[in-house]
file input-v4.cif (mmCIF, C-alpha atoms and all ligand atoms)
data_query
loop_
_atom_site.group_PDB
_atom_site.id
_atom_site.type_symbol
_atom_site.label_atom_id
_atom_site.label_comp_id
_atom_site.auth_asym_id
_atom_site.auth_seq_id
_atom_site.Cartn_x
_atom_site.Cartn_y
_atom_site.Cartn_z
ATOM 1 C CA MET A 982 7.308 -22.131 4.713
ATOM 2 C CA GLU A 983 9.360 -19.075 3.866
ATOM 3 C CA PHE A 984 9.737 -16.745 0.920
ATOM 4 C CA SER A 985 12.608 -17.943 -1.267
ATOM 5 C CA ASP A 986 14.207 -16.441 -4.356
ATOM 6 C CA ASP A 987 17.571 -17.871 -5.438
ATOM 7 C CA TYR A 988 17.889 -15.865 -8.635
ATOM 8 C CA GLU A 989 20.387 -13.139 -9.351
ATOM 9 C CA HIS A 990 21.236 -10.788 -12.195
ATOM 10 C CA PRO A 991 23.767 -11.901 -14.830
ATOM 11 C CA SER A 992 27.269 -11.113 -13.617
ATOM 12 C CA THR A 993 27.775 -8.916 -16.679
ATOM 13 C CA ASP A 994 25.213 -6.466 -15.261
ATOM 14 C CA ALA A 995 27.314 -5.211 -12.394
ATOM 15 C CA LYS A 996 25.180 -2.086 -11.980
ATOM 16 C CA LEU A 997 22.071 -4.040 -11.062
ATOM 17 C CA ILE A 998 21.032 -4.832 -7.522
ATOM 18 C CA TYR A 999 18.746 -7.807 -6.987
ATOM 19 C CA THR A 1000 15.648 -7.131 -4.934
ATOM 20 C CA PRO A 1001 13.268 -10.092 -4.666
ATOM 21 C CA GLU A 1002 10.349 -7.848 -3.680
ATOM 22 C CA ASN A 1003 9.167 -4.288 -4.219
ATOM 23 C CA ILE A 1004 11.030 -1.621 -2.303
ATOM 24 C CA PRO A 1005 9.917 1.952 -1.528
ATOM 25 C CA THR A 1006 11.687 5.153 -2.441
ATOM 26 C CA LYS A 1007 11.618 8.363 -0.412
ATOM 27 C CA SER A 1008 8.505 9.585 -2.193
ATOM 28 C CA THR A 1009 6.512 6.352 -1.780
ATOM 29 C CA LYS A 1010 7.641 5.204 1.688
ATOM 30 C CA HIS A 1011 4.437 6.496 3.259
ATOM 31 C CA LYS A 1012 2.361 4.318 0.907
ATOM 32 C CA PHE A 1013 3.866 1.052 2.161
ATOM 33 C CA GLU A 1014 1.130 0.442 4.694
ATOM 34 C CA GLU A 1015 1.115 -3.019 6.220
ATOM 35 C CA PHE A 1016 -2.129 -4.874 6.857
ATOM 36 C CA THR A 1017 -2.865 -5.281 10.530
ATOM 37 C CA SER A 1018 -5.661 -7.808 10.364
ATOM 38 C CA GLY A 1019 -6.201 -11.274 8.951
ATOM 39 C CA CYS A 1020 -8.702 -14.081 8.773
ATOM 40 C CA LYS A 1021 -9.682 -16.267 11.706
ATOM 41 C CA CYS A 1022 -9.850 -19.558 9.790
ATOM 42 C CA MET A 1023 -8.430 -22.333 11.947
ATOM 43 C CA THR A 1024 -6.731 -24.414 9.223
ATOM 44 C CA LEU A 1025 -7.449 -23.825 5.537
ATOM 45 C CA CYS A 1026 -9.330 -20.956 3.943
ATOM 46 C CA ARG A 1027 -11.723 -22.812 1.687
ATOM 47 C CA VAL A 1028 -15.059 -21.176 2.160
ATOM 48 C CA GLN A 1029 -15.403 -17.680 0.834
ATOM 49 C CA HIS A 1030 -18.158 -16.496 3.121
ATOM 50 C CA GLU A 1031 -16.257 -17.684 6.190
ATOM 51 C CA CYS A 1032 -12.821 -16.297 5.319
ATOM 52 C CA SER A 1033 -12.390 -12.537 5.469
ATOM 53 C CA CYS A 1034 -9.437 -12.631 3.027
ATOM 54 C CA LEU A 1035 -11.299 -14.664 0.407
ATOM 55 C CA ARG A 1036 -14.398 -12.544 0.924
ATOM 56 C CA ASN A 1037 -12.482 -9.563 -0.373
ATOM 57 C CA PHE A 1038 -12.421 -10.910 -3.869
ATOM 58 C CA LEU A 1039 -15.656 -12.856 -4.242
ATOM 59 C CA ASN A 1040 -15.177 -14.164 -7.756
ATOM 60 C CA TYR A 1041 -11.675 -15.406 -7.590
ATOM 61 C CA ASP A 1042 -10.015 -18.557 -6.356
ATOM 62 C CA TYR A 1043 -6.640 -20.188 -6.307
ATOM 63 C CA ASP A 1044 -7.068 -23.877 -7.051
ATOM 64 C CA PHE A 1045 -6.852 -25.283 -3.597
ATOM 65 C CA PHE A 1046 -4.477 -27.221 -1.535
ATOM 66 C CA THR A 1047 -1.623 -29.564 -1.899
ATOM 67 C CA SER A 1048 -0.741 -31.692 1.075
ATOM 68 C CA GLU A 1049 2.961 -31.783 0.300
ATOM 69 C CA ASP A 1050 5.266 -29.499 2.130
ATOM 70 C CA ASN A 1051 7.170 -28.528 -0.951
ATOM 71 C CA LEU A 1052 7.326 -25.244 -2.773
ATOM 72 C CA GLN A 1053 7.770 -26.681 -6.262
ATOM 73 C CA SER A 1054 4.706 -28.808 -5.762
ATOM 74 C CA MET A 1055 2.767 -25.725 -4.670
ATOM 75 C CA HIS A 1056 3.832 -23.948 -7.826
ATOM 76 C CA GLU A 1057 2.543 -26.858 -9.903
ATOM 77 C CA ASN A 1058 -0.706 -27.288 -8.049
ATOM 78 C CA TYR A 1059 -1.870 -23.824 -7.213
ATOM 79 C CA THR A 1060 -3.535 -22.294 -10.185
ATOM 80 C CA LEU A 1061 -5.236 -18.996 -10.652
ATOM 81 C CA LEU A 1062 -8.747 -19.793 -11.801
ATOM 82 C CA LYS A 1063 -10.447 -16.482 -12.371
ATOM 83 C CA ARG A 1064 -9.950 -12.908 -11.487
ATOM 84 C CA ASP A 1065 -12.311 -10.048 -11.637
ATOM 85 C CA MET A 1066 -11.792 -8.624 -8.185
ATOM 86 C CA PRO A 1067 -8.643 -7.603 -6.316
ATOM 87 C CA ILE A 1068 -6.700 -10.493 -4.837
ATOM 88 C CA TYR A 1069 -5.650 -10.542 -1.190
ATOM 89 C CA GLU A 1070 -3.596 -13.499 -0.052
ATOM 90 C CA CYS A 1071 -3.675 -14.576 3.581
ATOM 91 C CA ASN A 1072 -0.911 -12.891 5.573
ATOM 92 C CA GLN A 1073 1.052 -13.093 8.805
ATOM 93 C CA ASN A 1074 -1.947 -11.831 10.792
ATOM 94 C CA CYS A 1075 -4.156 -14.707 9.641
ATOM 95 C CA LEU A 1076 -4.765 -17.686 11.910
ATOM 96 C CA CYS A 1077 -4.902 -20.190 9.023
ATOM 97 C CA SER A 1078 -2.187 -22.678 8.117
ATOM 98 C CA GLN A 1079 0.779 -21.774 5.922
ATOM 99 C CA TYR A 1080 -0.581 -24.372 3.472
ATOM 100 C CA CYS A 1081 -3.926 -22.628 3.165
ATOM 101 C CA GLY A 1082 -4.997 -22.376 -0.479
ATOM 102 C CA ASN A 1083 -4.881 -18.625 -0.383
ATOM 103 C CA ARG A 1084 -1.094 -18.348 -0.248
ATOM 104 C CA LEU A 1085 1.107 -18.595 -3.296
ATOM 105 C CA VAL A 1086 3.007 -15.564 -4.550
ATOM 106 C CA GLN A 1087 4.204 -14.866 -0.995
ATOM 107 C CA TYR A 1088 6.544 -17.885 -1.310
ATOM 108 C CA GLY A 1089 8.515 -16.372 -4.193
ATOM 109 C CA PRO A 1090 9.107 -17.158 -7.885
ATOM 110 C CA ARG A 1091 8.999 -20.645 -9.377
ATOM 111 C CA LYS A 1092 12.272 -22.488 -9.976
ATOM 112 C CA ASN A 1093 13.594 -23.346 -13.467
ATOM 113 C CA LEU A 1094 13.609 -19.852 -14.922
ATOM 114 C CA LYS A 1095 16.630 -18.664 -16.850
ATOM 115 C CA ILE A 1096 17.773 -15.366 -18.284
ATOM 116 C CA VAL A 1097 18.941 -15.626 -21.890
ATOM 117 C CA PRO A 1098 20.702 -12.795 -23.668
ATOM 118 C CA PHE A 1099 19.536 -12.279 -27.249
ATOM 119 C CA ASP A 1100 21.892 -12.076 -30.260
ATOM 120 C CA ASN A 1101 24.847 -11.505 -28.037
ATOM 121 C CA ASN A 1102 27.511 -11.756 -30.709
ATOM 122 C CA SER A 1103 25.342 -10.947 -33.637
ATOM 123 C CA LYS A 1104 25.509 -8.048 -36.042
ATOM 124 C CA GLU A 1105 21.764 -7.835 -35.433
ATOM 125 C CA LYS A 1106 22.463 -6.797 -31.844
ATOM 126 C CA LEU A 1107 21.130 -3.280 -32.336
ATOM 127 C CA LYS A 1108 17.811 -4.663 -33.545
ATOM 128 C CA SER A 1109 17.568 -7.079 -30.653
ATOM 129 C CA LYS A 1110 14.977 -6.950 -27.916
ATOM 130 C CA GLY A 1111 17.750 -7.587 -25.395
ATOM 131 C CA ALA A 1112 17.726 -10.358 -22.810
ATOM 132 C CA GLY A 1113 14.644 -12.517 -22.234
ATOM 133 C CA LEU A 1114 13.304 -14.894 -19.609
ATOM 134 C CA PHE A 1115 12.888 -18.581 -20.464
ATOM 135 C CA THR A 1116 11.745 -21.682 -18.630
ATOM 136 C CA THR A 1117 13.667 -24.947 -18.348
ATOM 137 C CA ALA A 1118 10.566 -26.868 -17.186
ATOM 138 C CA ILE A 1119 6.955 -27.037 -18.356
ATOM 139 C CA ILE A 1120 4.700 -24.361 -16.844
ATOM 140 C CA LYS A 1121 1.009 -25.158 -16.794
ATOM 141 C CA LYS A 1122 -1.726 -22.687 -17.668
ATOM 142 C CA GLY A 1123 -2.692 -20.732 -14.565
ATOM 143 C CA ASN A 1124 0.613 -21.303 -12.762
ATOM 144 C CA PHE A 1125 2.445 -18.478 -11.037
ATOM 145 C CA VAL A 1126 5.774 -17.563 -12.660
ATOM 146 C CA CYS A 1127 7.271 -14.654 -10.738
ATOM 147 C CA GLU A 1128 6.713 -11.102 -9.642
ATOM 148 C CA TYR A 1129 7.679 -7.994 -11.624
ATOM 149 C CA ALA A 1130 9.402 -6.337 -8.671
ATOM 150 C CA GLY A 1131 11.402 -3.175 -8.353
ATOM 151 C CA GLU A 1132 11.333 0.269 -6.830
ATOM 152 C CA ILE A 1133 7.855 1.650 -6.261
ATOM 153 C CA ILE A 1134 8.054 5.226 -7.444
ATOM 154 C CA SER A 1135 5.727 8.225 -7.706
ATOM 155 C CA SER A 1136 4.264 9.303 -11.061
ATOM 156 C CA GLN A 1137 6.485 12.418 -11.023
ATOM 157 C CA GLU A 1138 9.568 10.296 -10.436
ATOM 158 C CA ALA A 1139 8.447 7.884 -13.162
ATOM 159 C CA ASN A 1140 8.179 10.704 -15.680
ATOM 160 C CA LYS A 1141 11.542 12.105 -14.654
ATOM 161 C CA ARG A 1142 13.304 8.752 -14.883
ATOM 162 C CA PHE A 1143 11.640 7.959 -18.169
ATOM 163 C CA LYS A 1144 12.879 11.201 -19.748
ATOM 164 C CA THR A 1145 16.425 10.459 -18.593
ATOM 165 C CA GLN A 1146 16.202 6.926 -20.011
ATOM 166 C CA GLU A 1147 14.920 8.251 -23.299
ATOM 167 C CA LYS A 1148 17.770 10.763 -23.575
ATOM 168 C CA GLN A 1149 20.315 8.043 -22.864
ATOM 169 C CA LYS A 1150 18.548 5.640 -25.275
ATOM 170 C CA LEU A 1151 18.208 3.019 -22.551
ATOM 171 C CA MET A 1152 15.630 0.233 -22.439
ATOM 172 C CA ASN A 1153 12.504 1.024 -20.505
ATOM 173 C CA TYR A 1154 11.650 -0.987 -17.396
ATOM 174 C CA ILE A 1155 9.098 1.365 -15.813
ATOM 175 C CA PHE A 1156 5.585 -0.015 -15.874
ATOM 176 C CA PHE A 1157 2.441 1.212 -14.341
ATOM 177 C CA VAL A 1158 -0.777 -0.470 -13.436
ATOM 178 C CA ASN A 1159 -4.152 1.209 -13.083
ATOM 179 C CA GLU A 1160 -6.577 -0.544 -10.785
ATOM 180 C CA THR A 1161 -10.151 0.668 -10.674
ATOM 181 C CA PHE A 1162 -12.133 0.082 -7.490
ATOM 182 C CA GLY A 1163 -15.567 1.674 -7.978
ATOM 183 C CA THR A 1164 -14.757 5.345 -8.514
ATOM 184 C CA ASN A 1165 -11.211 5.011 -7.148
ATOM 185 C CA ILE A 1166 -8.247 4.512 -9.414
ATOM 186 C CA ILE A 1167 -5.014 3.284 -7.873
ATOM 187 C CA LYS A 1168 -1.885 3.758 -9.938
ATOM 188 C CA THR A 1169 1.257 1.858 -9.103
ATOM 189 C CA PHE A 1170 4.563 2.623 -10.798
ATOM 190 C CA VAL A 1171 7.315 0.037 -10.590
ATOM 191 C CA ASP A 1172 10.849 0.533 -11.818
ATOM 192 C CA PRO A 1173 13.203 -2.479 -11.818
ATOM 193 C CA SER A 1174 15.859 -0.660 -13.905
ATOM 194 C CA ILE A 1175 18.489 -0.838 -11.152
ATOM 195 C CA PHE A 1176 16.780 -2.544 -8.191
ATOM 196 C CA GLY A 1177 14.754 -5.367 -9.685
ATOM 197 C CA ASN A 1178 14.084 -9.088 -9.698
ATOM 198 C CA ILE A 1179 14.024 -11.742 -12.413
ATOM 199 C CA GLY A 1180 10.703 -10.388 -13.750
ATOM 200 C CA ARG A 1181 12.531 -7.429 -15.307
ATOM 201 C CA TYR A 1182 13.796 -9.705 -18.117
ATOM 202 C CA ILE A 1183 10.350 -10.593 -19.461
ATOM 203 C CA ASN A 1184 9.819 -9.275 -22.977
ATOM 204 C CA HIS A 1185 6.604 -8.217 -24.678
ATOM 205 C CA SER A 1186 4.739 -10.379 -27.170
ATOM 206 C CA CYS A 1187 1.598 -9.646 -29.174
ATOM 207 C CA ASP A 1188 0.800 -13.356 -28.637
ATOM 208 C CA PRO A 1189 1.859 -13.733 -24.995
ATOM 209 C CA ASN A 1190 1.826 -16.811 -22.783
ATOM 210 C CA CYS A 1191 1.458 -14.897 -19.504
ATOM 211 C CA GLU A 1192 -0.459 -12.010 -17.990
ATOM 212 C CA VAL A 1193 0.117 -9.619 -15.097
ATOM 213 C CA ILE A 1194 -2.171 -9.683 -12.085
ATOM 214 C CA PRO A 1195 -1.856 -7.447 -9.018
ATOM 215 C CA VAL A 1196 -1.856 -9.458 -5.781
ATOM 216 C CA ARG A 1197 -1.717 -8.012 -2.265
ATOM 217 C CA VAL A 1198 -0.176 -10.024 0.549
ATOM 218 C CA ASP A 1199 0.631 -7.981 3.623
ATOM 219 C CA ASN A 1200 0.766 -4.527 2.162
ATOM 220 C CA VAL A 1201 -1.506 -2.124 0.305
ATOM 221 C CA ILE A 1202 1.054 -1.918 -2.518
ATOM 222 C CA PRO A 1203 0.223 -4.688 -4.990
ATOM 223 C CA LYS A 1204 2.762 -7.198 -6.204
ATOM 224 C CA LEU A 1205 2.597 -7.318 -10.023
ATOM 225 C CA CYS A 1206 2.442 -11.059 -10.518
ATOM 226 C CA ILE A 1207 3.021 -12.950 -13.752
ATOM 227 C CA PHE A 1208 0.725 -15.952 -14.348
ATOM 228 C CA ALA A 1209 0.741 -18.336 -17.342
ATOM 229 C CA THR A 1210 -2.267 -17.981 -19.637
ATOM 230 C CA LYS A 1211 -1.366 -21.154 -21.548
ATOM 231 C CA ASP A 1212 0.876 -24.175 -21.086
ATOM 232 C CA ILE A 1213 4.493 -23.156 -21.647
ATOM 233 C CA ASN A 1214 7.037 -25.666 -22.944
ATOM 234 C CA VAL A 1215 10.624 -26.265 -21.950
ATOM 235 C CA ASP A 1216 12.935 -23.634 -23.471
ATOM 236 C CA GLU A 1217 10.030 -21.392 -24.438
ATOM 237 C CA GLU A 1218 10.305 -17.674 -23.786
ATOM 238 C CA ILE A 1219 8.050 -16.199 -21.113
ATOM 239 C CA THR A 1220 6.203 -13.150 -22.392
ATOM 240 C CA PHE A 1221 3.278 -10.914 -21.564
ATOM 241 C CA ASP A 1222 1.471 -8.181 -23.427
ATOM 242 C CA TYR A 1223 2.905 -4.861 -22.267
ATOM 243 C CA GLY A 1224 -0.332 -3.134 -23.192
ATOM 244 C CA ASP A 1225 -2.935 -5.165 -21.348
ATOM 245 C CA GLY A 1226 -5.757 -2.681 -21.782
ATOM 246 C CA GLN A 1227 -8.028 -4.376 -19.282
ATOM 247 C CA LEU A 1228 -5.586 -3.919 -16.480
ATOM 248 C CA GLY A 1229 -4.108 -0.673 -17.670
ATOM 249 C CA PHE A 1230 -0.728 -2.326 -17.309
ATOM 250 C CA CYS A 1231 1.563 -0.433 -19.544
ATOM 251 C CA PRO A 1232 5.184 0.547 -20.008
ATOM 252 C CA LEU A 1233 6.099 4.165 -19.813
ATOM 253 C CA ASP A 1234 7.666 3.898 -23.171
ATOM 254 C CA GLN A 1235 8.284 5.762 -26.362
ATOM 255 C CA THR A 1236 6.099 8.627 -27.463
ATOM 256 C CA VAL A 1237 3.878 8.372 -30.533
ATOM 257 C CA ASN A 1238 6.578 9.849 -32.716
ATOM 258 C CA LYS A 1239 9.241 7.487 -31.473
ATOM 259 C CA LYS A 1240 7.486 4.148 -31.583
ATOM 260 C CA LYS A 1241 9.698 1.190 -30.828
ATOM 261 C CA LYS A 1242 9.459 -1.694 -33.320
ATOM 262 C CA CYS A 1243 8.115 -4.897 -31.831
ATOM 263 C CA LEU A 1244 10.319 -7.919 -32.511
ATOM 264 C CA CYS A 1245 7.975 -10.591 -31.160
ATOM 265 C CA ASP A 1246 7.706 -12.377 -34.544
ATOM 266 C CA PHE A 1247 4.011 -13.225 -34.140
ATOM 267 C CA VAL A 1248 2.216 -13.283 -37.531
ATOM 268 C CA ASN A 1249 -0.339 -10.762 -36.339
ATOM 269 C CA CYS A 1250 2.210 -8.660 -34.465
ATOM 270 C CA ARG A 1251 0.970 -5.116 -33.816
ATOM 271 C CA LYS A 1252 4.358 -3.940 -35.154
ATOM 272 C CA TYR A 1253 5.156 -1.522 -32.309
ATOM 273 C CA LEU A 1254 5.550 -1.934 -28.569
ATOM 274 C CA PRO A 1255 2.593 -0.630 -26.579
ATOM 275 C CA PHE A 1256 3.155 2.603 -24.721
ATOM 276 C CA CYS A 1257 1.335 4.954 -22.353
ATOM 277 C CA LYS A 1258 1.627 8.698 -22.592
ATOM 278 C CA GLU A 1259 -0.535 9.732 -19.702
ATOM 279 C CA THR A 1260 0.741 8.989 -16.253
ATOM 280 C CA GLU A 1261 -0.631 11.691 -13.987
HETATM 281 C C1 LIG A 1301 11.213 -4.926 -19.187
HETATM 282 S S1 LIG A 1301 12.467 -4.855 -20.373
HETATM 283 C C2 LIG A 1301 12.560 -6.516 -20.922
HETATM 284 C C3 LIG A 1301 13.958 -7.122 -20.747
HETATM 285 C C4 LIG A 1301 14.978 -6.538 -21.672
HETATM 286 N N1 LIG A 1301 14.878 -7.163 -22.978
HETATM 287 C C5 LIG A 1301 16.403 -6.670 -21.143
HETATM 288 O O1 LIG A 1301 17.308 -6.957 -21.906
HETATM 289 O O2 LIG A 1301 16.624 -6.475 -19.942
HETATM 290 C C6 LIG A 1301 11.641 -3.969 -21.659
HETATM 291 C C7 LIG A 1301 12.493 -3.589 -22.844
HETATM 292 O O3 LIG A 1301 12.872 -4.752 -23.592
HETATM 293 C C8 LIG A 1301 12.750 -4.485 -25.003
HETATM 294 N N2 LIG A 1301 11.681 -5.339 -25.550
HETATM 295 C C9 LIG A 1301 10.829 -6.115 -24.861
HETATM 296 N N3 LIG A 1301 9.997 -6.773 -25.681
HETATM 297 C C10 LIG A 1301 10.312 -6.397 -26.923
HETATM 298 C C11 LIG A 1301 9.782 -6.717 -28.207
HETATM 299 N N4 LIG A 1301 8.776 -7.559 -28.378
HETATM 300 N N5 LIG A 1301 10.344 -6.118 -29.273
HETATM 301 C C12 LIG A 1301 11.368 -5.236 -29.144
HETATM 302 N N6 LIG A 1301 11.914 -4.914 -27.967
HETATM 303 C C13 LIG A 1301 11.401 -5.478 -26.846
HETATM 304 C C14 LIG A 1301 12.381 -3.025 -25.145
HETATM 305 O O4 LIG A 1301 13.587 -2.304 -25.311
HETATM 306 C C15 LIG A 1301 11.738 -2.695 -23.812
HETATM 307 O O5 LIG A 1301 11.880 -1.319 -23.493
#
call {"tool": "encode", "arguments": {"input": "input-v4.cif", "output": "structure tokens"}}
result
Amino acid sequence: MEFSDDYEHPSTDAKLIYTPENIPTKSTKHKFEEFTSGCKCMTLCRVQHECSCLRNFLNYDYDFFTSEDNLQSMHENYTLLKRDMPIYECNQNCLCSQYCGNRLVQYGPRKNLKIVPFDNNSKEKLKSKGAGLFTTAIIKKGNFVCEYAGEIISSQEANKRFKTQEKQKLMNYIFFVNETFGTNIIKTFVDPSIFGNIGRYINHSCDPNCEVIPVRVDNVIPKLCIFATKDINVDEEITFDYGDGQLGFCPLDQTVNKKKKCLCDFVNCRKYLPFCKETE
């Protein structure tokens, strides 16, 4: 089974270049280190203490196995159960089957996602949160939606790009995630402003239906993966909380003095979009 992503940017956004997965820039090329080892499981990786990939993240599990050779069915049946350790999927160096329960995000985004522009012809356009991502089919709690993919940039580059965006009053797409492993903190900056995938259209909500989870497949750079935290209905907007404190996932957004109003419409909306000042 191969990675597949049939999405593209709206034709009105001629400047954008679709990249289905993260890509390096000059300053981060050296960080794209591929894994050279894998597990030795002969068919399916079910037992944590026997599989070296599963062993890496003790307390976490995808919900295992579907016998059907069909990507949509995998998206329906593979569910993220818990996560409190880093997630490593099985990779091309593993001996296990391509249907092993520890493979999901490596096959690409789910089908039935659609980009919807907000208030396109409305006088309210200036107040709008821009385009959003919706689903045309039910998504069950725990299901994988898509990756938030773009250019992986350094913190210096992130700050530089953010300042330029701010000057030009552009929307912000640069996010960073802080992962803490013991005393180590790994910061990953992703910018899908120009090179990005369908994940770049997901708006913030103070009452989100998805969350972001870093998953590593064949590379030390994590994929920032969007998973449903509740059942999502047909024609519902897909959202996550831009300021997930636990993960340190945060947009490099407006400064304290230039807070951006949140338009999520939730009764207990926090009123402003989350932001992170410190990036070094
Ligand atoms: C990652 S982009 C999301 C997609 C974007 N709406 C678009 O049209 O491409 C993040 C930007 O969308 C806007 N945005 C997202 N959620 C919002 C919300 N709840 N309220 C207001 N603006 C929002 C902000 O301008 C933010 O900088």
call {"tool": "closest_residue", "arguments": {"input": "input-v4.cif", "among": "A:Glu1147, A:Pro1195, A:Phe1208, A:Asn1072", "to": "A:Lys1240", "atoms": "only C-alpha atoms"}}
result
A:Glu1147
call {"tool": "resolve_selection", "arguments": {"input": "input-v4.cif", "expression": "the PyMOL selection byres (((chain A and resi 1120-1133) around 7) and not hetatm)", "output": "ChimeraX atom specification"}}
result
/A:1000-1006,1009,1056-1057,1059-1062,1089-1091,1118-1119,1134,1170-1173,1176-1178,1180-1181,1204-1214
call {"tool": "closest_residue", "arguments": {"input": "input-v4.cif", "among": "A:Tyr1080, A:Phe1013, A:Tyr1154, A:Tyr1223", "to": "A:Ser1186", "atoms": "only C-alpha atoms"}}
result
A:Tyr1223
call {"tool": "residues_near_ligand", "arguments": {"input": "input-v4.cif", "ligand": "ligand LIG 1301 (chain A)", "cutoff": "9 Å", "atoms": "only C-alpha atoms and all ligand atoms", "output": "VMD selection string"}}
result
chain A and resid 1097 to 1099 1108 to 1114 1129 1151 to 1156 1173 to 1174 1180 to 1187 1220 to 1223 1232 to 1235 1241 to 1246 1252 to 1254
call {"tool": "closest_residue", "arguments": {"input": "input-v4.cif", "among": "A:Ala1139, A:Leu997, A:Cys1026, A:Val1196", "to": "A:Tyr1069", "atoms": "all atoms listed in the file"}}
result
A:Val1196
call {"tool": "closest_residue", "arguments": {"input": "input-v4.cif", "among": "A:Val1201, A:Leu1085, A:Ile1096, A:Cys1191", "to": "A:Glu989", "atoms": "only C-alpha atoms"}}
result
A:Ile1096
call {"tool": "atom_distance", "arguments": {"input": "input-v4.cif", "atom1": "atom CA of A:Glu1070", "atom2": "atom CA of A:Pro1203"}}
result
10.8 Å
call {"tool": "atom_distance", "arguments": {"input": "input-v4.cif", "atom1": "atom CA of A:Asn1074", "atom2": "atom CA of A:Glu983"}}
result
15.1 Å
call {"tool": "residues_near_point", "arguments": {"input": "input-v4.cif", "point": "(-14.4, -16.0, 9.0)", "cutoff": "8 Å", "atoms": "all atoms listed in the file", "output": "mmCIF file with C-alpha atoms, in the frame of the given file"}}
result
data_model
loop_
_atom_site.group_PDB
_atom_site.id
_atom_site.type_symbol
_atom_site.label_atom_id
_atom_site.label_comp_id
_atom_site.auth_asym_id
_atom_site.auth_seq_id
_atom_site.Cartn_x
_atom_site.Cartn_y
_atom_site.Cartn_z
ATOM 1 C CA CYS A 1020 -8.702 -14.081 8.773
ATOM 2 C CA LYS A 1021 -9.682 -16.267 11.706
ATOM 3 C CA CYS A 1022 -9.850 -19.558 9.790
ATOM 4 C CA HIS A 1030 -18.158 -16.496 3.121
ATOM 5 C CA GLU A 1031 -16.257 -17.684 6.190
ATOM 6 C CA CYS A 1032 -12.821 -16.297 5.319
ATOM 7 C CA SER A 1033 -12.390 -12.537 5.469
#
call {"tool": "atom_distance", "arguments": {"input": "input-v4.cif", "atom1": "atom CA of A:Pro1067", "atom2": "atom CA of A:Met1023"}}
result
23.5 Å
call {"tool": "axis_aligned_box", "arguments": {"input": "input-v4.cif", "around": "stretch 999-1018 of chain A", "padding_each_side": "8 Å", "output": "JSON"}}
result
{"center_x": 6.5, "center_y": -0.3, "center_z": 1.8, "size_x": 40.4, "size_y": 35.7, "size_z": 33.5}
call {"tool": "resolve_selection", "arguments": {"input": "input-v4.cif", "expression": "the PyMOL selection byres (((chain A and resi 1017) around 12) and not hetatm)", "output": "list of chain:residue names"}}
result
A:Glu1014, A:Glu1015, A:Phe1016, A:Ser1018, A:Gly1019, A:Cys1020, A:Cys1071, A:Asn1072, A:Gln1073, A:Asn1074, A:Cys1075, A:Val1198, A:Asp1199, A:Asn1200, A:Val1201
call {"tool": "closest_residue", "arguments": {"input": "input-v4.cif", "among": "A:Asp1216, A:Phe984, A:Asn1140, A:Asp1188", "to": "A:Leu1094", "atoms": "only C-alpha atoms"}}
result
A:Asp1216
call {"tool": "closest_residue", "arguments": {"input": "input-v4.cif", "among": "A:Glu1160, A:Pro1189, A:His990, A:Glu1218", "to": "A:Cys1250", "atoms": "all atoms listed in the file"}}
result
A:Pro1189
call {"tool": "build_atoms", "arguments": {"input": "input-v4.cif", "residues": "stretch 1173-1183 of chain A", "atoms": "N, CA and C atoms", "output": "short mmCIF file (atom, residue, chain, number, x, y, z; two decimals), in the frame of the given file"}}
result
data_model
loop_
_atom_site.label_atom_id
_atom_site.label_comp_id
_atom_site.auth_asym_id
_atom_site.auth_seq_id
_atom_site.Cartn_x
_atom_site.Cartn_y
_atom_site.Cartn_z
N PRO A 1173 12.13 -1.54 -12.14
CA PRO A 1173 13.20 -2.48 -11.82
C PRO A 1173 14.49 -2.21 -12.61
N SER A 1174 14.67 -0.96 -13.08
CA SER A 1174 15.86 -0.66 -13.90
C SER A 1174 17.15 -1.00 -13.16
N ILE A 1175 17.27 -0.58 -11.92
CA ILE A 1175 18.49 -0.84 -11.15
C ILE A 1175 18.22 -1.85 -10.03
N PHE A 1176 17.18 -1.59 -9.23
CA PHE A 1176 16.78 -2.54 -8.19
C PHE A 1176 15.62 -3.36 -8.76
N GLY A 1177 15.85 -4.60 -9.09
CA GLY A 1177 14.75 -5.37 -9.68
C GLY A 1177 14.97 -6.86 -9.47
N ASN A 1178 13.96 -7.63 -9.83
CA ASN A 1178 14.08 -9.09 -9.70
C ASN A 1178 14.12 -9.73 -11.09
N ILE A 1179 13.91 -11.02 -11.14
CA ILE A 1179 14.02 -11.74 -12.41
C ILE A 1179 12.93 -11.34 -13.41
N GLY A 1180 11.82 -10.80 -12.90
CA GLY A 1180 10.70 -10.39 -13.75
C GLY A 1180 11.09 -9.30 -14.75
N ARG A 1181 12.15 -8.55 -14.44
CA ARG A 1181 12.53 -7.43 -15.31
C ARG A 1181 13.00 -7.89 -16.70
N TYR A 1182 13.28 -9.20 -16.83
CA TYR A 1182 13.80 -9.70 -18.12
C TYR A 1182 12.68 -10.18 -19.06
N ILE A 1183 11.44 -10.07 -18.62
CA ILE A 1183 10.35 -10.59 -19.46
C ILE A 1183 10.03 -9.61 -20.58
#
